[in-house]
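Quick notes on the structure that follows.
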Number of protein chains: 2
Amino acid sequence: MLTKDKRILIVGLGLMGGSYAEALTAKGYDVGAVTRSKESIDYALSKGIISCGTTSVTAEMIGGYDILVFALYPHIFLQWLTDYQQFIKPGALLTDVTGVKSSLVEQVQRILRPDLEFVGAHPMAGREVYGVKNSTAAIFAGANYIVTPTPSNTPDAIATVEDIGREIGCARISRLSPSEHDTMIGFLSQLTHCIAVALMTGKDVEHMSAYTGDSFRDLTRIARINDEMWSELFLINRDALLEQMDLFTGQMQILRDAIASGDTQTLRSMMRLSSERRALFDK
Amino acid sequence: MLTKDKRILIVGLGLMGGSYAEALTAKGYDVGAVTRSKESIDYALSKGIISCGTTSVTAEMIGGYDILVFALYPHIFLQWLTDYQQFIKPGALLTDVTGVKSSLVEQVQRILRPDLEFVGAHPMAGREVYGVKNSTAAIFAGANYIVTPTPSNTPDAIATVEDIGREIGCARISRLSPSEHDTMIGFLSQLTHCIAVALMTGKDVEHMSAYTGDSFRDLTRIARINDEMWSELFLINRDALLEQMDLFTGQMQILRDAIASGDTQTLRSMMRLSSERRALFDK
């Protein structure tokens, strides 16, 4: 269970880390941060969203925290644990915000000290801009939050990580296995980002803003994408993403065939199915 | 030029026709309507968005209007003209709201009485619901409005149809040839609707609302689609739409190959291009 006496350390003070810090500080937790940029620490201190922050990872700083929230690129997260986990307080709870889970959770749990526990989490929230200066707790309002426990996790640690999701303001907390999570996210998030990138790169669209309706703007909002982070996430989740891309392009081919052959019945029945299903999301 | 003494007739009082009626009545024009449903006429009269309406097309009713705005399915529009254009006032101006132009504009101008003039228009606005009861002038706020004149149109008629776009509240008025319009709309609107339908129909997504982020909701908002209207629009614009679908799936294939082969450089350069281009749309 998450109680107000738990001191929480954010590792990686970017858009997501900063938004966690703001939300948890507002709820009355004592929140610290370590990150590479002194400017980010100074900004967060000046805004009052952390009580303490540093760019140098020391036993003295790290060892004072009960819960660590990692908001780092996956490869940096693993390297950080290798380098610094000896500083972490015995019995501390670790969680993260990373958008892929299977290989990451497995690797973290394999290298982690036996007296520490890691429970993966993924808040389904974000913005098309980066950095702590763009962070805001508002991104969590109404958002989904997925926890990805494994058989090695304890009920209390899972419950505490679920509490974090509630405390930052997420609307719906769910549990999935790491591989279920990755299939789901391959479809719902990574495939949609691929679609947006494909729409923006296939032709010169720069002169088209006089002609767009809401639909094109909606479909390409996420075409503003952090290329370093998303290319890493795509490749870590390669198999699940490729499977979802193939399912999608297969469905586009069915539509294409129906249009080419003038098959109104197939077109209309696909449109009716899509309308029925989408209506459920509006409830 | 559009002046307040022009009487305007809406033919087809659905979502778009009703929204035109509301916007133009609010601007002080005398607006009438003909449509098939008595209920729609009664509703529009009770809301005060038309001054006069009927379900029966008569010379007396039609002949009193200077401008006719057709908000009908394409095949019904052509049939209506064939059946009733003898009732239209000599010298009247005709326009429409239809989402495809090349074949339609060409057919309308071919069958039209020589003393009448038709200038095509397409307000890039809509909703995922239908009917006059869902109509609202608010859909035009900030919207793009495309006029598709041909060499047979007069400058005054083109200017008047552009004035209508301004009067209903559209933000940006542009001109394209009918075939330029159809290529543009095949990409910006029809392809995006195909993508949304493909996303919703390829797998069972009904249990996924606990896991979606904004991106999936944004990309599938338009998956609620009027199957009768859109299947007709897709097939009328078949060649342009197929070309845009093929460009898009080719781009998805490039992304797929880069992911499958772990080609980070290609992924990142496509993402950077898409981010740069999309940023222009936010200005």
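Starting from 1 in every chain, residues are counted up; chains themselves are A, B, ... following the order of the structure tokens, and ligands are numbered from 1 as listed.
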Could you give me the residues within stretch 25-186 of chain A that DSSP places in helix (DSSP H, G or I), as a PyMOL selection string? chain A and resi 25-26+38-47+59-62+74-87+102-111+132-134+137-140+155-168+178-186
Find the spatial neighbours of stretch 242-253 of chain A, counting only C-alpha atoms, within a cut-off of 8 Å - ignore same-chain residues fewer than 4 positions away - and output them as a ChimeraX atom specification. /A:183,186-187,191,238,257 /B:194-195,198-199,201-202,249,256,259-260
Let me see the file: selected residues, N, CA and C atoms, as a CSV table (one decimal), in the first residue's frame.
```csv
chain,number,residue,atom,x,y,z
A,183,THR,N,1.5,-7.0,-26.9
A,183,THR,CA,0.7,-7.2,-28.0
A,183,THR,C,-0.3,-6.0,-28.1
A,186,GLY,N,1.4,-2.9,-29.1
A,186,GLY,CA,1.8,-3.0,-30.5
A,186,GLY,C,0.7,-2.5,-31.4
A,187,PHE,N,-0.5,-2.9,-31.1
A,187,PHE,CA,-1.7,-2.5,-31.9
A,187,PHE,C,-2.1,-1.1,-31.6
A,191,LEU,N,1.4,0.7,-33.6
A,191,LEU,CA,0.9,0.7,-35.0
A,191,LEU,C,0.3,2.0,-35.4
A,238,ARG,N,9.7,-5.6,-31.5
A,238,ARG,CA,9.6,-5.9,-33.0
A,238,ARG,C,8.6,-7.0,-33.4
A,257,ASP,N,-9.4,-4.2,-52.3
A,257,ASP,CA,-10.0,-5.1,-53.2
A,257,ASP,C,-11.5,-4.7,-53.4
B,194,CYS,N,-10.5,5.1,-44.5
B,194,CYS,CA,-10.1,3.6,-44.8
B,194,CYS,C,-9.2,3.1,-43.6
B,195,ILE,N,-8.3,3.9,-43.2
B,195,ILE,CA,-7.4,3.5,-42.1
B,195,ILE,C,-8.2,3.2,-40.8
B,198,ALA,N,-10.1,0.0,-41.2
B,198,ALA,CA,-9.2,-1.1,-41.1
B,198,ALA,C,-8.8,-1.4,-39.7
B,199,LEU,N,-8.5,-0.3,-38.9
B,199,LEU,CA,-8.1,-0.5,-37.5
B,199,LEU,C,-9.2,-1.1,-36.7
B,201,THR,N,-11.7,-3.1,-37.8
B,201,THR,CA,-12.3,-4.3,-38.2
B,201,THR,C,-11.4,-5.5,-38.3
B,202,GLY,N,-10.1,-5.2,-38.2
B,202,GLY,CA,-9.1,-6.3,-38.3
B,202,GLY,C,-9.0,-7.2,-37.1
B,249,THR,N,0.3,2.3,-48.3
B,249,THR,CA,0.8,1.0,-47.9
B,249,THR,C,2.2,0.8,-48.4
B,256,ARG,N,7.9,-1.2,-42.2
B,256,ARG,CA,8.0,-2.6,-41.8
B,256,ARG,C,9.4,-3.2,-42.1
B,259,ILE,N,11.8,-1.9,-39.5
B,259,ILE,CA,11.7,-2.5,-38.2
B,259,ILE,C,12.2,-4.0,-38.2
B,260,ALA,N,11.8,-4.7,-39.3
B,260,ALA,CA,12.2,-6.1,-39.4
B,260,ALA,C,13.7,-6.3,-39.4
```
Do a neighbour search on A:Leu219 at 9 Å with only C-alpha atoms, toss out local chain neighbours closer than 5 positions, and write the hits as a compact mmCIF listing (two decimals) with N, CA and C atoms, in the first residue's frame.
```
# COMPACT_ATOMS: atom_id res chain seq x y z
N THR A 192 -0.37 2.67 -34.45
CA THR A 192 -0.96 3.97 -34.78
C THR A 192 0.13 5.02 -35.03
N ILE A 195 1.37 4.41 -38.55
CA ILE A 195 0.42 4.94 -39.52
C ILE A 195 0.60 6.45 -39.68
N ALA A 196 0.73 7.13 -38.57
CA ALA A 196 0.89 8.59 -38.62
C ALA A 196 2.18 8.97 -39.35
N LEU A 199 1.75 8.34 -43.08
CA LEU A 199 0.91 9.36 -43.72
C LEU A 199 1.70 10.64 -43.99
N ASP A 214 -10.69 17.74 -39.94
CA ASP A 214 -10.26 17.25 -38.63
C ASP A 214 -9.66 15.85 -38.71
N THR B 192 -7.83 8.37 -44.86
CA THR B 192 -7.86 8.34 -43.39
C THR B 192 -9.09 7.58 -42.88
N ALA B 196 -9.05 4.14 -40.52
CA ALA B 196 -9.85 4.00 -39.30
C ALA B 196 -10.71 2.74 -39.35
N SER B 215 -3.99 8.26 -28.74
CA SER B 215 -3.66 8.08 -30.15
C SER B 215 -4.66 7.15 -30.83
N PHE B 216 -5.00 6.05 -30.20
CA PHE B 216 -5.96 5.13 -30.83
C PHE B 216 -7.34 5.77 -30.92
N ASP B 218 -7.97 8.94 -31.20
CA ASP B 218 -7.92 9.95 -32.26
C ASP B 218 -7.98 9.31 -33.64
N LEU B 219 -7.22 8.24 -33.84
CA LEU B 219 -7.16 7.63 -35.17
C LEU B 219 -8.46 6.95 -35.56
N THR B 220 -9.29 6.59 -34.60
CA THR B 220 -10.50 5.83 -34.94
C THR B 220 -11.79 6.62 -34.72
```
DSSP on the backbone, strand (DSSP E or B) only: what residues of stretch 27-185 of chain A does that give? Format it as a PyMOL selection string. chain A and resi 30-34+52-54+67-70+93-96+117-123+144-148+172-175
Nearest-residue call for B:Leu188, choices A:Ala210, A:Val57, A:Cys170, A:Leu81, using only C-alpha atoms: A:Ala210
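For B:Thr264, the list of residues within 8 Å, based on only C-alpha atoms and with local chain neighbours fewer than 4 positions off taken out, reads A:Ser231, A:Glu232, B:Ala258, B:Ile259, B:Arg268.
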Could you list, as a list in words, every residue within 10 Å of B:Asp5, counting only C-alpha atoms and ignoring same-chain residues fewer than 2 positions away? Leu2, Thr3, Arg7, Ile8, Gly28, Tyr29, Asp30 and Asp66 of chain B
Name all residues at most 10 Å from A:Glu228 (count only C-alpha atoms; drop same-chain ones fewer than 4 positions away) and give them as a list in words. Tyr73, Glu232 and Leu233 of chain A; Thr264, Gln265, Leu267, Arg268, Ser269, Met271 and Arg272 of chain B
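Our summary of the geometry notes that atom CA of A:Thr148 is positioned 26.1 Å from atom CA of A:Gly64.
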For A:Phe87, find every residue with an atom within 12 Å (counting only C-alpha atoms), except residues of its own chain fewer than 5 positions away, and show them as a PyMOL selection string. chain A and resi 57-66+68+80-82+92+113+116
Can you list every residue of stretch 41-93 of chain B that has an atom at most 12 Å from stretch 125-145 of chain B, with its nearest atom pair and the distance in Å to one decimal, using only C-alpha atoms, ordered by chain then number, as a tab-separated table?
```
residue	atom	partner	partner_atom	distance
B:Ile41	CA	B:Val132	CA	8.9
B:Asp42	CA	B:Val132	CA	10.5
B:Tyr43	CA	B:Lys133	CA	7.4
B:Ala44	CA	B:Val132	CA	7.4
B:Leu45	CA	B:Val132	CA	11.2
B:Ser46	CA	B:Lys133	CA	11.2
B:Lys47	CA	B:Lys133	CA	9.7
B:Ile49	CA	B:Thr136	CA	10.1
B:Ile50	CA	B:Val132	CA	11.6
B:Ala71	CA	B:Val132	CA	11.4
B:Leu72	CA	B:Gly131	CA	11.8
```
Between A:Leu9, A:Ile236, A:Leu93, A:Arg221, which one has atoms that come closest to B:Gly262, using only C-alpha atoms? A:Ile236
